[in-house]
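One file, my_file_10.cif, is given below (mmCIF, C-alpha atoms).
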data_upload
loop_
_atom_site.group_PDB
_atom_site.id
_atom_site.type_symbol
_atom_site.label_atom_id
_atom_site.label_comp_id
_atom_site.auth_asym_id
_atom_site.auth_seq_id
_atom_site.Cartn_x
_atom_site.Cartn_y
_atom_site.Cartn_z
ATOM 1 C CA MET A 1125 79.860 -28.769 335.811
ATOM 2 C CA GLY A 1126 79.518 -30.631 332.512
ATOM 3 C CA PHE A 1127 77.248 -27.961 330.972
ATOM 4 C CA ALA A 1128 79.591 -25.160 332.022
ATOM 5 C CA PHE A 1129 82.562 -26.993 330.524
ATOM 6 C CA ALA A 1130 80.722 -27.608 327.242
ATOM 7 C CA LEU A 1131 79.659 -23.959 327.052
ATOM 8 C CA LYS A 1132 83.198 -22.791 327.738
ATOM 9 C CA LYS A 1133 84.516 -25.111 325.023
ATOM 10 C CA LEU A 1134 81.924 -23.833 322.520
ATOM 11 C CA VAL A 1135 82.739 -20.202 323.279
ATOM 12 C CA GLY A 1136 86.443 -20.983 322.965
ATOM 13 C CA PHE A 1137 85.924 -22.566 319.531
ATOM 14 C CA ALA A 1138 83.909 -19.569 318.302
ATOM 15 C CA ALA A 1139 86.670 -17.244 319.470
ATOM 16 C CA ARG A 1140 89.350 -19.312 317.742
ATOM 17 C CA LYS A 1141 87.310 -19.456 314.518
ATOM 18 C CA ALA A 1142 86.854 -15.676 314.519
ATOM 19 C CA ASN A 1143 90.558 -15.274 315.270
ATOM 20 C CA TYR A 1144 91.527 -17.564 312.373
ATOM 21 C CA ALA A 1145 89.235 -15.677 310.015
ATOM 22 C CA GLU A 1146 90.663 -12.336 311.100
ATOM 23 C CA ARG A 1147 94.256 -13.491 310.635
ATOM 24 C CA LEU A 1148 93.493 -14.995 307.223
ATOM 25 C CA GLY A 1149 91.274 -12.163 306.011
ATOM 26 C CA VAL A 1150 88.380 -14.570 305.259
ATOM 27 C CA ARG A 1151 84.869 -13.683 306.385
ATOM 28 C CA ASP A 1152 83.011 -16.989 305.955
ATOM 29 C CA LEU A 1153 85.559 -19.423 307.291
ATOM 30 C CA PRO A 1154 84.181 -22.916 308.048
ATOM 31 C CA LYS A 1155 85.040 -25.045 311.058
ATOM 32 C CA LEU A 1156 88.690 -26.068 310.878
ATOM 33 C CA LYS A 1157 90.189 -29.280 312.187
ATOM 34 C CA LEU A 1158 93.841 -29.732 313.087
ATOM 35 C CA VAL A 1159 95.280 -32.432 310.802
ATOM 36 C CA GLY A 1160 98.984 -32.180 311.505
ATOM 37 C CA THR A 1161 101.881 -30.377 313.166
ATOM 38 C CA SER A 1162 105.371 -30.261 311.654
ATOM 39 C CA LYS A 1163 108.643 -30.464 313.567
ATOM 40 C CA ASN A 1164 109.115 -26.712 313.301
ATOM 41 C CA GLY A 1165 105.732 -26.098 314.900
ATOM 42 C CA THR A 1166 103.702 -25.304 311.775
ATOM 43 C CA LYS A 1167 100.093 -26.400 312.236
ATOM 44 C CA VAL A 1168 97.862 -27.446 309.342
ATOM 45 C CA TYR A 1169 94.069 -27.284 309.485
ATOM 46 C CA LYS A 1170 91.359 -28.410 307.069
ATOM 47 C CA GLY A 1171 87.670 -27.616 306.753
ATOM 48 C CA ALA A 1172 84.754 -27.586 304.324
ATOM 49 C CA ALA A 1173 82.100 -24.901 303.880
ATOM 50 C CA GLU A 1174 78.437 -25.529 303.131
ATOM 51 C CA ASN A 1175 78.895 -24.222 299.582
ATOM 52 C CA GLY A 1176 81.424 -26.996 298.877
ATOM 53 C CA LYS A 1177 84.614 -24.973 299.239
ATOM 54 C CA GLN A 1178 87.515 -26.921 300.727
ATOM 55 C CA TYR A 1179 90.048 -25.081 302.876
ATOM 56 C CA THR A 1180 93.572 -26.053 303.889
ATOM 57 C CA VAL A 1181 95.326 -23.474 306.043
ATOM 58 C CA SER A 1182 98.615 -23.417 307.900
ATOM 59 C CA PHE A 1183 99.974 -21.267 310.732
ATOM 60 C CA LYS A 1184 103.532 -20.836 311.908
ATOM 61 C CA LYS A 1185 104.574 -21.612 315.456
ATOM 62 C CA ASP A 1186 104.048 -18.000 316.506
ATOM 63 C CA GLY A 1187 100.436 -18.144 315.233
ATOM 64 C CA SER A 1188 100.919 -16.011 312.118
ATOM 65 C CA PRO A 1189 99.298 -17.344 308.897
ATOM 66 C CA LEU A 1190 101.568 -19.104 306.429
ATOM 67 C CA LYS A 1191 99.408 -20.309 303.542
ATOM 68 C CA MET A 1192 95.777 -20.898 302.643
ATOM 69 C CA VAL A 1193 94.490 -23.108 299.807
ATOM 70 C CA GLU A 1194 90.844 -22.804 298.798
ATOM 71 C CA LYS A 1195 89.309 -25.265 296.315
ATOM 72 C CA ARG A 1196 85.900 -25.374 294.693
ATOM 73 C CA VAL A 1197 84.264 -27.554 292.046
ATOM 74 C CA ASN A 1198 81.243 -26.418 290.020
ATOM 75 C CA ASN A 1199 79.252 -28.443 287.508
ATOM 76 C CA ILE A 1200 77.267 -26.044 285.353
ATOM 77 C CA LYS A 1201 74.722 -26.830 282.684
ATOM 78 C CA LYS A 1202 73.726 -23.956 280.447
ATOM 79 C CA GLU A 1203 72.460 -23.491 276.921
ATOM 80 C CA GLY A 1204 74.482 -25.754 274.659
ATOM 81 C CA LEU A 1205 77.201 -26.518 277.228
ATOM 82 C CA ASN A 1206 78.053 -28.748 280.158
ATOM 83 C CA GLU A 1207 80.946 -27.356 282.187
ATOM 84 C CA SER A 1208 82.981 -28.920 284.982
ATOM 85 C CA ILE A 1209 84.982 -26.143 286.607
ATOM 86 C CA LYS A 1210 87.693 -26.563 289.230
ATOM 87 C CA GLU A 1211 89.074 -23.449 290.901
ATOM 88 C CA THR A 1212 91.994 -23.208 293.299
ATOM 89 C CA ILE A 1213 93.121 -20.120 295.183
ATOM 90 C CA VAL A 1214 96.497 -20.157 296.904
ATOM 91 C CA LYS A 1215 97.400 -17.310 299.258
ATOM 92 C CA ASN A 1216 100.976 -17.166 300.521
ATOM 93 C CA TYR A 1217 100.963 -14.869 303.559
ATOM 94 C CA GLU A 1218 104.697 -15.146 304.165
ATOM 95 C CA LYS A 1219 105.611 -13.954 300.651
ATOM 96 C CA ASN A 1220 102.477 -11.809 300.195
ATOM 97 C CA GLU A 1221 101.680 -13.530 296.886
ATOM 98 C CA GLY A 1222 98.713 -15.290 295.359
ATOM 99 C CA VAL A 1223 97.890 -17.729 292.577
ATOM 100 C CA PHE A 1224 94.525 -18.452 290.956
ATOM 101 C CA LEU A 1225 94.048 -21.683 288.983
ATOM 102 C CA ARG A 1226 91.010 -22.513 286.896
ATOM 103 C CA ARG A 1227 90.332 -25.694 284.904
ATOM 104 C CA ASN A 1228 87.208 -25.941 282.780
ATOM 105 C CA ASN A 1229 86.338 -29.173 280.978
ATOM 106 C CA ALA A 1230 83.416 -28.250 278.749
ATOM 107 C CA GLU A 1231 81.316 -30.499 276.542
ATOM 108 C CA VAL A 1232 79.286 -29.008 273.695
ATOM 109 C CA ARG A 1233 75.735 -30.395 273.690
ATOM 110 C CA THR A 1234 74.495 -28.805 270.467
ATOM 111 C CA ASP A 1235 76.212 -27.447 267.350
ATOM 112 C CA MET A 1236 77.196 -23.890 268.180
ATOM 113 C CA SER A 1237 79.600 -21.000 267.646
ATOM 114 C CA TRP A 1238 81.842 -20.416 270.656
ATOM 115 C CA LEU A 1239 85.315 -19.003 271.281
ATOM 116 C CA GLY A 1240 85.439 -17.615 267.756
ATOM 117 C CA ARG A 1241 84.906 -20.956 266.013
ATOM 118 C CA TYR A 1242 82.251 -23.570 265.270
ATOM 119 C CA PHE A 1243 81.852 -26.686 267.407
ATOM 120 C CA LYS A 1244 79.706 -29.769 266.900
ATOM 121 C CA ALA A 1245 77.692 -31.617 269.527
ATOM 122 C CA GLY A 1246 79.982 -33.884 271.516
ATOM 123 C CA ASP A 1247 83.115 -31.757 271.081
ATOM 124 C CA LYS A 1248 85.114 -31.314 274.283
ATOM 125 C CA VAL A 1249 87.025 -28.144 275.053
ATOM 126 C CA LYS A 1250 89.603 -27.621 277.791
ATOM 127 C CA ILE A 1251 90.275 -24.185 279.251
ATOM 128 C CA ALA A 1252 93.233 -23.765 281.622
ATOM 129 C CA GLN A 1253 94.031 -20.507 283.422
ATOM 130 C CA LYS A 1254 96.807 -19.525 285.813
ATOM 131 C CA THR A 1255 96.997 -16.027 287.266
ATOM 132 C CA LYS A 1256 99.749 -14.722 289.548
ATOM 133 C CA TYR A 1257 99.383 -11.787 291.934
ATOM 134 C CA ASN A 1258 101.962 -9.830 293.920
ATOM 135 C CA ASP A 1259 99.524 -9.500 296.809
ATOM 136 C CA LYS A 1260 97.657 -12.128 298.809
ATOM 137 C CA ASN A 1261 94.436 -10.108 298.478
ATOM 138 C CA PHE A 1262 94.407 -10.376 294.672
ATOM 139 C CA GLY A 1263 92.697 -7.759 292.500
ATOM 140 C CA TYR A 1264 93.477 -6.620 288.946
ATOM 141 C CA GLU A 1265 95.909 -3.967 290.160
ATOM 142 C CA HIS A 1266 98.014 -6.735 291.728
ATOM 143 C CA MET A 1267 97.979 -9.051 288.687
ATOM 144 C CA VAL A 1268 101.472 -9.684 287.309
ATOM 145 C CA ASP A 1269 100.894 -12.571 284.888
ATOM 146 C CA ASP A 1270 97.923 -14.466 283.471
ATOM 147 C CA LEU A 1271 98.073 -17.348 280.983
ATOM 148 C CA THR A 1272 94.916 -18.924 279.553
ATOM 149 C CA THR A 1273 94.920 -21.710 276.972
ATOM 150 C CA TYR A 1274 92.035 -23.146 274.960
ATOM 151 C CA THR A 1275 92.327 -26.575 273.348
ATOM 152 C CA GLN A 1276 89.962 -29.179 271.924
ATOM 153 C CA ALA A 1277 90.259 -32.810 272.962
ATOM 154 C CA GLY A 1278 91.397 -34.961 270.039
ATOM 155 C CA ASN A 1279 92.116 -31.953 267.834
ATOM 156 C CA SER A 1280 95.763 -30.840 267.637
ATOM 157 C CA ASN A 1281 94.970 -28.487 264.748
ATOM 158 C CA TRP A 1282 93.632 -25.661 266.909
ATOM 159 C CA LYS A 1283 94.975 -23.858 269.949
ATOM 160 C CA TRP A 1284 94.318 -20.410 271.376
ATOM 161 C CA THR A 1285 96.584 -18.830 273.976
ATOM 162 C CA VAL A 1286 96.035 -15.518 275.756
ATOM 163 C CA HIS A 1287 98.933 -14.124 277.811
ATOM 164 C CA THR A 1288 98.210 -11.018 279.883
ATOM 165 C CA ARG A 1289 100.631 -8.842 281.815
ATOM 166 C CA PRO A 1290 100.262 -5.270 283.096
ATOM 167 C CA GLY A 1291 99.639 -3.078 280.056
ATOM 168 C CA ILE A 1292 99.881 -5.806 277.405
ATOM 169 C CA ILE A 1293 97.784 -8.676 276.072
ATOM 170 C CA LYS A 1294 99.203 -11.241 273.664
ATOM 171 C CA SER A 1295 96.690 -13.423 271.835
ATOM 172 C CA SER A 1296 97.939 -16.238 269.615
ATOM 173 C CA THR A 1297 95.707 -18.575 267.593
ATOM 174 C CA TYR A 1298 96.946 -21.593 265.651
ATOM 175 C CA ASN A 1299 94.815 -23.189 262.923
ATOM 176 C CA LYS A 1300 95.801 -26.084 260.672
ATOM 177 C CA TYR A 1301 93.404 -26.801 257.833
ATOM 178 C CA SER A 1302 95.759 -29.167 255.979
ATOM 179 C CA ASN A 1303 99.495 -29.819 255.639
ATOM 180 C CA ASP A 1304 99.844 -27.027 253.088
ATOM 181 C CA TRP A 1305 97.353 -24.658 254.706
ATOM 182 C CA GLN A 1306 98.000 -23.513 258.256
ATOM 183 C CA GLN A 1307 98.594 -20.271 260.059
ATOM 184 C CA THR A 1308 99.337 -18.635 263.399
ATOM 185 C CA GLU A 1309 97.800 -15.235 264.088
ATOM 186 C CA THR A 1310 99.317 -13.229 266.926
ATOM 187 C CA TYR A 1311 98.269 -9.804 268.086
ATOM 188 C CA PHE A 1312 99.338 -7.512 270.901
ATOM 189 C CA ALA A 1313 96.973 -5.047 272.560
ATOM 190 C CA LEU A 1314 98.902 -2.352 274.445
ATOM 191 C CA ASN A 1315 97.580 0.016 277.098
ATOM 192 C CA ASN A 1316 100.153 2.554 278.317
ATOM 193 C CA PHE A 1317 102.761 -0.156 277.980
ATOM 194 C CA LYS A 1318 106.388 0.820 278.552
ATOM 195 C CA PHE A 1319 109.145 -1.465 277.338
ATOM 196 C CA PRO A 1320 111.944 -2.189 279.859
ATOM 197 C CA ASN A 1321 114.687 0.449 279.954
ATOM 198 C CA GLY A 1322 112.613 2.735 277.748
ATOM 199 C CA GLU A 1323 110.554 5.867 278.205
ATOM 200 C CA ALA A 1324 108.229 5.413 275.225
ATOM 201 C CA VAL A 1325 104.633 4.547 276.087
ATOM 202 C CA HIS A 1326 102.749 2.365 273.607
ATOM 203 C CA ASN A 1327 98.986 2.212 273.007
ATOM 204 C CA GLY A 1328 96.905 0.416 270.396
ATOM 205 C CA THR A 1329 97.310 -2.915 268.630
ATOM 206 C CA VAL A 1330 99.754 -4.642 266.335
ATOM 207 C CA ALA A 1331 99.359 -8.069 264.755
ATOM 208 C CA ARG A 1332 101.101 -10.572 262.500
ATOM 209 C CA ILE A 1333 99.980 -13.653 260.598
ATOM 210 C CA LYS A 1334 102.446 -16.253 259.401
ATOM 211 C CA GLY A 1335 102.096 -19.703 257.916
ATOM 212 C CA VAL A 1336 101.575 -21.380 254.597
ATOM 213 C CA SER A 1337 98.657 -21.510 252.163
ATOM 214 C CA PRO A 1338 97.993 -23.040 248.721
ATOM 215 C CA PHE A 1339 97.456 -19.502 247.393
ATOM 216 C CA GLU A 1340 100.462 -17.624 248.823
ATOM 217 C CA GLY A 1341 102.938 -20.316 249.838
ATOM 218 C CA LYS A 1342 104.838 -19.303 252.955
ATOM 219 C CA PHE A 1343 103.880 -15.894 254.273
ATOM 220 C CA ASP A 1344 104.609 -13.581 257.189
ATOM 221 C CA LYS A 1345 102.739 -10.300 257.183
ATOM 222 C CA SER A 1346 101.357 -7.549 259.354
ATOM 223 C CA THR A 1347 97.622 -7.179 259.713
ATOM 224 C CA ARG A 1348 94.981 -5.524 261.831
ATOM 225 C CA ALA A 1349 93.943 -7.568 264.830
ATOM 226 C CA TYR A 1350 90.312 -6.829 264.089
ATOM 227 C CA THR A 1351 88.426 -4.390 261.916
ATOM 228 C CA TYR A 1352 88.095 -1.529 264.390
ATOM 229 C CA ALA A 1353 91.383 -2.024 266.245
ATOM 230 C CA ALA A 1354 93.149 1.147 267.299
ATOM 231 C CA PRO A 1355 96.406 1.641 265.345
ATOM 232 C CA LEU A 1356 99.628 1.483 267.340
ATOM 233 C CA GLU A 1357 100.672 4.837 268.758
ATOM 234 C CA ILE A 1358 103.970 5.602 270.465
ATOM 235 C CA ASP A 1359 104.587 8.572 272.754
ATOM 236 C CA TYR A 1360 108.343 9.034 273.079
ATOM 237 C CA LYS A 1361 107.988 11.522 275.936
ATOM 238 C CA TYR A 1362 110.272 14.073 274.295
#

The structure in this file should be written as C-alpha cells.
Amino acid sequence: MGFAFALKKLVGFAARKANYAERLGVRDLPKLKLVGTSKNGTKVYKGAAENGKQYTVSFKKDGSPLKMVEKRVNNIKKEGLNESIKETIVKNYEKNEGVFLRRNNAEVRTDMSWLGRYFKAGDKVKIAQKTKYNDKNFGYEHMVDDLTTYTQAGNSNWKWTVHTRPGIIKSSTYNKYSNDWQQTETYFALNNFKFPNGEAVHNGTVARIKGVSPFEGKFDKSTRAYTYAAPLEIDYKY
C-alpha cells in the first residue's frame, strides 16, 4: 500500500512538472515548490536548477501562467578581467511581454584597452542593460527598446550609453579631460528607419560632437561616426 502510494505520488509530480513546463514554454524546468497562494487564487512557486538558475513562477486560479522570473549569477574570470554577472528574465504571460536585465560588475586585473578606452589594473566598470520585448518568447524581432550604460566606479568623467530601438541605434559618449576640455559625441546608425508620420526611409549614419576645448572654445559640429561609416541616405518613396 505504502509503495503504491509513493509511486502514484511520484508519477503525479512528474506529470505536474511536465505540465508546468509546457504551460510556461520552458524545457528544463526544475522542481517547483508552492510558497504562497493569494486571496484571488494566484499560486506562486519557487525552484532552483542544478546550473544555479532560480525560478519564481505564478499561475492564476484557472491554472494559466501569469508570470515567470528567472535569475542567474555568473562569476567569470578571463584574460585581464573578473566579471560578476547577474541576469534576470521576466516573462509576463498575461500581457505577452518580456524584460531582460543584465548587471555586470567587472574588475580590470591588468592594464588593458577595453570598451574603446584604456583601463588600469584595479579599475572597476559597471555595465547595466535593460531590454524590453513585445513577446514573452523574446527574440530580436520582438525587441522594442534596449538601453545599455557603461560607467567606471569613482570616475564621473566618462560615460557611454547605447540606446537601441527597431531600426535605430543611438550611441552617446561623454568624456571630460578637464574643466575647459570636455565633449559629448553622439551618433545614430539607421537601418530602414522610418520617422513617425513619415514615409521616408533612412539608412546610414549621422553624428555630432559638442563640448568645449582649449583650442576651439565651445563647439557643436557634425562628424562621421567612424572612418568607414556609410553616409546618411534618405529614400522619400516618391

The distance between atom CA of Ser1162 of chain A and atom CA of Asp1186 of chain A is 13.3 Å

Exercise: segment 1274-1289 of chain A partners within 7 Å, all atoms listed in the file, chain neighbours under 5 positions left out, as a list in words: Lys1248, Val1249, Lys1250, Ile1251, Ala1252, Val1268, Asp1269, Lys1294, Ser1295, Ser1296, Thr1297, Tyr1298, Asn1299 and Lys1300 of chain A

Smallest atom-to-atom distance to Lys1260 of chain A: which of A:Lys1244, A:Phe1224, A:Ser1237, A:Lys1215, using only C-alpha atoms?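 Closest candidate: A:Lys1215.
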
Box for segment 1252-1265 of chain A - axis-aligned, 4 Å on each of the six sides, all listed atoms - centre and size in Å to one decimal, as AutoDock Vina command-line options.
--center_x 97.3 --center_y -13.9 --center_z 290.2 --size_x 17.3 --size_y 27.8 --size_z 25.2

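Residues surrounding segment 1336-1346 of chain A within 6 Å are Asp1304, Trp1305, Gln1306, Ala1331 and Arg1332 of chain A [all atoms listed in the file; sequence separation below 4 positions excluded].
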
Nearest residue to Glu1218 of chain A from the set A:Lys1191, A:Arg1147, A:Lys1167, A:Lys1177 (distances using only C-alpha atoms): A:Lys1191

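Picked out by the PyMOL selection byres ((chain A and resi 1174) around 12) when it runs on this file: Asp1152, Leu1153, Pro1154, Lys1155, Gly1171, Ala1172, Ala1173, Asn1175, Gly1176, Lys1177, Gln1178, Tyr1179 and Arg1196 of chain A.
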
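Proximity ranking of A:Tyr1257, A:Tyr1264, A:Tyr1169, A:Tyr1242 relative to Val1214 of chain A places A:Tyr1257 first, based on only C-alpha atoms.
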
Counting all atoms listed in the file, write as a PyMOL selection string all protein and nucleic acid residues lying at most 6 Å from (96.7, -6.5, 270.0) in the file's frame. chain A and resi 1311-1313+1329-1330+1349

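Taking only C-alpha atoms into account, Asn1206 of chain A lies nearest to A:Arg1233 out of the set A:Arg1233, A:Gly1222, A:Glu1194, A:Lys1185.
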
How far is it from atom CA of Thr1347 of chain A to atom CA of Thr1273 of chain A, in Å with one decimal?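 Separation of atom CA of Thr1347 of chain A and atom CA of Thr1273 of chain A: 22.7 Å.
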
Which residues match the PyMOL selection byres ((chain A and resi 1200) around 12) in the file above, as a PyMOL selection string? chain A and resi 1197-1199+1201-1210+1228-1231

Contacts of Gln1253 of chain A at 6 Å or less, counting only C-alpha atoms, minus same-chain residues fewer than 2 places along, as a list in words? Leu1225, Arg1226, Leu1271 and Thr1272 of chain A
